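Participant: Have a look at this one before I ask anything.
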Amino acid sequence: MTHKRPLLATLAASTALLLPAFAAAQEITVVREVDSNNYDPQRSVARAAAEVLFMMGDTLVSLEPDMQTVSDGLAHSWEISDDGLVYTFHLKEGVTFCDGKPMTADDVVYSINRWVDPETASPVAWRAGDVDEVVAIDDLTVEYRLNAPFSDLLYQLTQSFGTIVDRENVEALGEDFGINGFNGTGPFCWVDWTPRDQMIIERNPNYTWGPSFYDNQGPAHLERIVWQVVPESSTRTVAVLTGQSDITQYVPPIAIEQLIAAPNVEVVRSDEAFWTYFMGFKIDKDPVADTEVRIAMNLAVDQEAIAEDLFFGMVEPAFSYVSQAVVDWDPTLDDRLLRHDVDEANRILDEAGWERGPDGIRARDGVRLAPVAYIFAGSTWGGIAEAVQADLLQIGVAMEIQAFDATVAWARLATQEFDMFGMSFPYITAGETLNLYFRSQNVPTPNRMNWIDERTDELLRTGMAATDMETQLEAYHEVLGKVHDEAVWIPIFHEPMIIAHSSAMAPVVPHNNYGAGLYKGMDLRFLD
Amino acid sequence: MTTAADIDSTADPVAPRRRAWWRLLLADRAAALALFLLTVIVLAAALAPWIAPHNPYASSRTVMLPPVWEARGTWNHILGTDGQGRDILSRILYGTRTTLIIGLVAVVVGGVLGSLLGLLSAFYKRIDPYIMRLVDMMLSFPAILLGLALVAVFGPGVVPVIVALAIATIPDCARIARSIAVSVMEQEFIEAGRAVGLSDGTLFVRYLMRNCISSIMIFISLRFGQVILIGAALSFLGLGARPPMAELGMMAAQGRDFLLFAPHIAVIPSVAIFVIVLCANMVGDALRDVLDPRLRS
């Protein structure tokens, strides 16, 4: 009898805990895999930070779900000078921060300057372009002046890095900005953050300046959003199935079919797959310094099998370094892409004089084809790397895998210790990707390939500064052709945005800006 | 284990003659079954390259196939396939090999070093406190933590795990060996040996070691199961065997992601670990029952 009472008490307590969840219908819980190290828009490059910052803040311009059309943000309209050097933004009226203070052109000037200020040490300052100065013409007009034209500027300004911040808030919080608080102009406001556990944000009741591509310009339908970190993929799946979580983009591909079959869950998908997984080569390291070897390894990897077996057909096998759906893709490359062909791969290696040893591994002049690959620890990269390893073994290449936890992986990936590496990245254009990964000044990271080529640098400068589409495309297409021909990466797959949400919610339009599926969350709501 | 018995039957000057040890062992049904299973497992693991039905590293392009007794199972993959489409039975055979080698090498190296330390500290009373304090220090350091530290320094792999497990085996063995040796040292034949002027070496090897070795071997055989468990735990944490090498603990860890949809991927290697450890423990227990002179009287 004695131990029955606590059991009853526990039952009562758990029922009491469940009740508010049913009562407050305008609150959702989003489960996700990882947290960010901070929520300072100019300092964090984590997708986990962008997800919340898109909701807590606003950018000058926004991106439509088609990932190509730039729409209004804090600016309702803008003009670009003919030389591509001056962008004039006209701001919306009546915009206020979460604390009620009006947002003016000065805040925009401060935020952009903070982004490019070397003192901020933003890892993504280059994304703001070569800024000469940003000037407030009046309270509602901002001039963004560049030293060199930057054709990607509007796209870049839709990223969370361009979120407008409140100077007083930044200065008051100092080092704790984005850790203990954040005063933004977004549809939701900061409530509380418990690192690696929960991020809670609440509706900004005064918000009326949402991007026009949303049905709802504000205030948001939802009163409260809880971002809950759940590292285990199967636990996240169960959370969605049991209704503990209302919506998430972090469901394992293996669970998609079951989620589709579940009557209480809807699965939506955006095919604008602008997040690409690849394995890159350090092109000056011995075993993979030969273009032929890299081409053979590209041919050996069966991307279709990986997409089918590991990801249940939920991802798009990649043969190109960026999605072929980006605006500046070169369609003439389509036929030149390396596709799965083991016989051809073996033939190339045989001809190049790489001979198989007694253990089946190829070697030439004492160099064994056994490249060391650094990857992120975890089931996603673990699975990909093992599949690639098995494929490469077929052509006599013994890839050695070393996995590192995300906390140390970035530092290890900035060294010259490895021959291959696994990486994935979000993008909007091919130009952006090329500028990020293939500029020689970006060695050793993110240009981990050690791709140092004067012609590439020159072309990238031309492409970036081009004021007409034709010049830009010509430059970027040449670089795209160069790097694909040199086989500096093995593209693996493009990941589309898949979101699973409760049937009680209105259909969700998946977004993919920086891989943040819910973007600003303006149209998220429960069905009546 | 057979070596333990060989030495034991020829080198025990004080024990009376007795019934063959293995008859006693086989009289215990459970122990006999465990011994039989363990033999089968060891043989299967040793012969893995010849009896495995598939290449354990190559994908069959059918992922998460359930085992044959489930609805979609096929005889081609008796235990099904894993998340990468690899045949689980073949991987279990190869994985058991890795697991057994890790356990065996660690327990032998750690056991020999530990026993030597223990015997020496019982034989030379002067160094006893130093050795035992060292052992105390090692005892207070968990094997998993040691494994983590070694892996941090040398990178993941089988060798750091073996080293960690061997080091973790040393203090226990040293303690046991010392306690056995101390009681042997009090026996009259040691004093007699000294009296007739035998050298330290002879006394140590022929009188002390031979009288302790059976008890120590029994302890080591009992320890074998534990070491396999810790080794599997380290691999489960991603510190041990590296892909594509198969290892039971690692296979269980990889199956964790599929627990909801294809539980057999994690369950089968876990059951394999369970059976190996259970058999090893039962055989060790039974060996102690029939071999330990103190228990027998």
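Going through the structure tokens in order, the chains are called A, B, and so on, while each chain numbers its residues from 1 and the ligands are numbered from 1 in the order shown.
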Write out as a list in words the set of residues from range 197-255 of chain A that DSSP, computed on the backbone, places in helix (DSSP H, G or I).
Facilitator: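 Written out, the helix (DSSP H, G or I) residues of range 197-255 of chain A are Ser233, Ser234, Thr235, Arg236, Thr237, Val238, Ala239, Val240, Leu241, Thr242, Pro253, Ile254 and Ala255 of chain A.
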Participant: Mind running chain A against chain B at 8 Å and telling me each contacting residue's nearest atom pair with the distance in Å (one decimal), counting only C-alpha atoms, chain and number ascending, as CSV?
Facilitator:
```
residue,atom,partner,partner_atom,distance
A:Glu232,CA,B:Asp257,CA,7.8
A:Ser233,CA,B:Asp257,CA,6.7
A:Ser234,CA,B:Asp257,CA,6.3
A:Ile254,CA,B:Phe258,CA,7.9
A:Ala255,CA,B:Phe261,CA,7.8
A:Ala305,CA,B:Arg61,CA,7.2
A:Asp309,CA,B:Val63,CA,6.0
A:Leu310,CA,B:Gln84,CA,6.5
A:Ser379,CA,B:Asp257,CA,7.4
A:Gly383,CA,B:Gln84,CA,7.2
A:Glu386,CA,B:Pro244,CA,6.6
A:Ala387,CA,B:Gln84,CA,7.1
A:Gln389,CA,B:Pro244,CA,7.6
A:Ala390,CA,B:Ala58,CA,6.0
A:Ile401,CA,B:Pro243,CA,7.0
A:Gln402,CA,B:Pro156,CA,7.9
```
Participant: Applying 8 Å and only C-alpha atoms, which residues near range 141-147 of chain A remain after dropping the ones on its own chain fewer than 5 positions away? List them as a PyMOL selection string.
Facilitator: chain A and resi 85-91+105+108-109+129-136
Participant: As number ranges by chain, list the residues of range 64-116 of chain B assigned to strand (DSSP E or B) by DSSP on the backbone atoms of this structure.
Facilitator: B: 74, 77, 81, 87
Participant: With distances taken over only C-alpha atoms, which residue among A:Phe312, A:Trp451, A:Tyr207, A:Phe54 lies nearest Phe281 in chain A?
Facilitator: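 Going through A:Phe312, A:Trp451, A:Tyr207, A:Phe54 one by one, the smallest distance to Phe281 in chain A is for A:Trp451.
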Participant: At a cut-off of 10 Å, using only C-alpha atoms, what residues contact Gly178 in chain A? Leave out same-chain residues fewer than 5 positions from it and give the result as a PyMOL selection string.
Facilitator: chain A and resi 37-44+49+53+169-170+173+183+190+193
Participant: His501 in chain A: which residues within 9 Å, counting only C-alpha atoms, same-chain residues fewer than 6 positions away excluded, as an NGL selection string?
Facilitator: :A and (240 or 245-249 or 264-268 or 507-508)
Participant: Would you export the selected residues with C-alpha atoms as a PDB file, in the first residue's frame, please?
Facilitator:
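Output (result37.pdb):
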```
ATOM      1  CA  VAL A 240       6.162  13.940 -33.812  1.00  0.00           C
ATOM      2  CA  SER A 245       6.230  18.016 -31.110  1.00  0.00           C
ATOM      3  CA  ASP A 246       3.952  19.777 -33.579  1.00  0.00           C
ATOM      4  CA  ILE A 247       6.410  20.340 -36.380  1.00  0.00           C
ATOM      5  CA  THR A 248       9.995  19.569 -37.355  1.00  0.00           C
ATOM      6  CA  GLN A 249      12.288  19.397 -40.365  1.00  0.00           C
ATOM      7  CA  ASN A 264      -2.061  12.606 -37.263  1.00  0.00           C
ATOM      8  CA  VAL A 265       0.990  13.780 -39.223  1.00  0.00           C
ATOM      9  CA  GLU A 266       1.400  15.530 -42.588  1.00  0.00           C
ATOM     10  CA  VAL A 267       4.638  15.564 -44.552  1.00  0.00           C
ATOM     11  CA  VAL A 268       5.416  18.425 -46.932  1.00  0.00           C
ATOM     12  CA  PRO A 507      -0.621  23.014 -44.497  1.00  0.00           C
ATOM     13  CA  VAL A 508       2.910  24.372 -44.219  1.00  0.00           C
TER      14      VAL A 508
END
```
Participant: I'd like the neighbourhood of Leu369 in chain A as a PyMOL selection string, where a residue qualifies if any of its atoms comes within 8 Å (using only C-alpha atoms), though same-chain residues fewer than 2 positions away should be ignored.
Facilitator: chain A and resi 287-288+361-363+367+371+396-399
Participant: Limited to C-alpha atoms, could you put the picked residues into a file as a PDB file, in the first residue's frame?
Facilitator:
```pdb
ATOM      1  CA  PRO A 287      47.244   9.979 -52.938  1.00  0.00           C
ATOM      2  CA  VAL A 288      44.624  12.286 -54.466  1.00  0.00           C
ATOM      3  CA  ILE A 361      44.598  -1.885 -52.726  1.00  0.00           C
ATOM      4  CA  ARG A 362      46.239   0.033 -55.533  1.00  0.00           C
ATOM      5  CA  ALA A 363      49.645   1.661 -55.269  1.00  0.00           C
ATOM      6  CA  VAL A 367      52.183   5.578 -52.711  1.00  0.00           C
ATOM      7  CA  PRO A 371      43.390   8.617 -48.442  1.00  0.00           C
ATOM      8  CA  GLY A 396      41.129  -0.625 -55.004  1.00  0.00           C
ATOM      9  CA  VAL A 397      41.016   2.580 -52.966  1.00  0.00           C
ATOM     10  CA  ALA A 398      41.088   2.122 -49.188  1.00  0.00           C
ATOM     11  CA  MET A 399      39.602   5.316 -47.787  1.00  0.00           C
TER      12      MET A 399
END
```
Participant: Using only C-alpha atoms, pick whichever of A:Arg114, A:Glu51, A:Pro123, A:Asn204 has the shortest atom-to-atom distance to Gly100 in chain A.
Facilitator: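 Closest candidate: A:Asn204.
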Participant: I'd like the neighbourhood of Met279 in chain A as an MDAnalysis selection string, where a residue qualifies if any of its atoms comes within 7 Å (using only C-alpha atoms), though same-chain residues fewer than 6 positions away should be ignored.
Facilitator: chainID A and resid 420:423 489:491
Participant: Store the residues of this selection in a file with N, CA and C atoms, as a PDB file, in the first residue's frame.
Facilitator:
```pdb
ATOM      1  N   MET A 420      40.896  13.900 -47.584  1.00  0.00           N
ATOM      2  CA  MET A 420      39.508  14.090 -48.029  1.00  0.00           C
ATOM      3  C   MET A 420      38.694  14.575 -46.834  1.00  0.00           C
ATOM      4  N   PHE A 421      37.560  15.189 -47.107  1.00  0.00           N
ATOM      5  CA  PHE A 421      36.703  15.650 -46.016  1.00  0.00           C
ATOM      6  C   PHE A 421      35.248  15.610 -46.455  1.00  0.00           C
ATOM      7  N   GLY A 422      34.370  15.473 -45.478  1.00  0.00           N
ATOM      8  CA  GLY A 422      32.937  15.490 -45.760  1.00  0.00           C
ATOM      9  C   GLY A 422      32.346  16.802 -45.282  1.00  0.00           C
ATOM     10  N   MET A 423      31.470  17.386 -46.093  1.00  0.00           N
ATOM     11  CA  MET A 423      30.928  18.695 -45.739  1.00  0.00           C
ATOM     12  C   MET A 423      29.562  18.853 -46.402  1.00  0.00           C
ATOM     13  N   TRP A 489      35.727  17.626 -56.016  1.00  0.00           N
ATOM     14  CA  TRP A 489      34.777  17.113 -55.029  1.00  0.00           C
ATOM     15  C   TRP A 489      34.189  15.819 -55.560  1.00  0.00           C
ATOM     16  N   ILE A 490      33.599  15.036 -54.637  1.00  0.00           N
ATOM     17  CA  ILE A 490      32.651  14.002 -55.044  1.00  0.00           C
ATOM     18  C   ILE A 490      31.304  14.474 -54.520  1.00  0.00           C
ATOM     19  N   PRO A 491      30.439  15.007 -55.387  1.00  0.00           N
ATOM     20  CA  PRO A 491      29.119  15.399 -54.886  1.00  0.00           C
ATOM     21  C   PRO A 491      28.352  14.152 -54.480  1.00  0.00           C
TER      22      PRO A 491
END
```
Participant: In Å, how far is it from CA of Met314 in chain A to CA of Ile499 in chain A?
Facilitator: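 Separating CA of Met314 in chain A from CA of Ile499 in chain A is a distance of 11.7 Å.
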Participant: Rounded to one decimal in Å, what is the spacing between CA of Met217 in chain B and CA of Met132 in chain B?
Facilitator: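 Here the two named atoms are 20.4 Å from each other.
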Participant: Considering only C-alpha atoms, can you say which of B:Gly225, B:Pro171, B:Gly231, B:Pro269 comes closest to Gly111 in chain B?
Facilitator: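 Between B:Gly225, B:Pro171, B:Gly231, B:Pro269, the residue approaching Gly111 in chain B most closely is B:Pro171.
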Participant: Using only C-alpha atoms, pick whichever of A:Thr104, A:Ser122, A:Asn298, A:Ser151 has the shortest atom-to-atom distance to Leu460 in chain A.
Facilitator: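 Ranking A:Thr104, A:Ser122, A:Asn298, A:Ser151 by distance to Leu460 in chain A, first place goes to A:Ser151.
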Participant: Rounded to one decimal, what separation in Å do you get between CA of Pro187 in chain A and CA of Arg167 in chain A?
Facilitator: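 Pair CA of Pro187 in chain A / CA of Arg167 in chain A returns 19.1 Å.
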Participant: Restricting the calculation to only C-alpha atoms, which member of A:Pro149, A:Gly378, A:Pro219, A:Pro446 is positioned closest to Thr462 in chain A?
Facilitator: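 Using only C-alpha atoms, Thr462 in chain A sits closest to A:Pro149.
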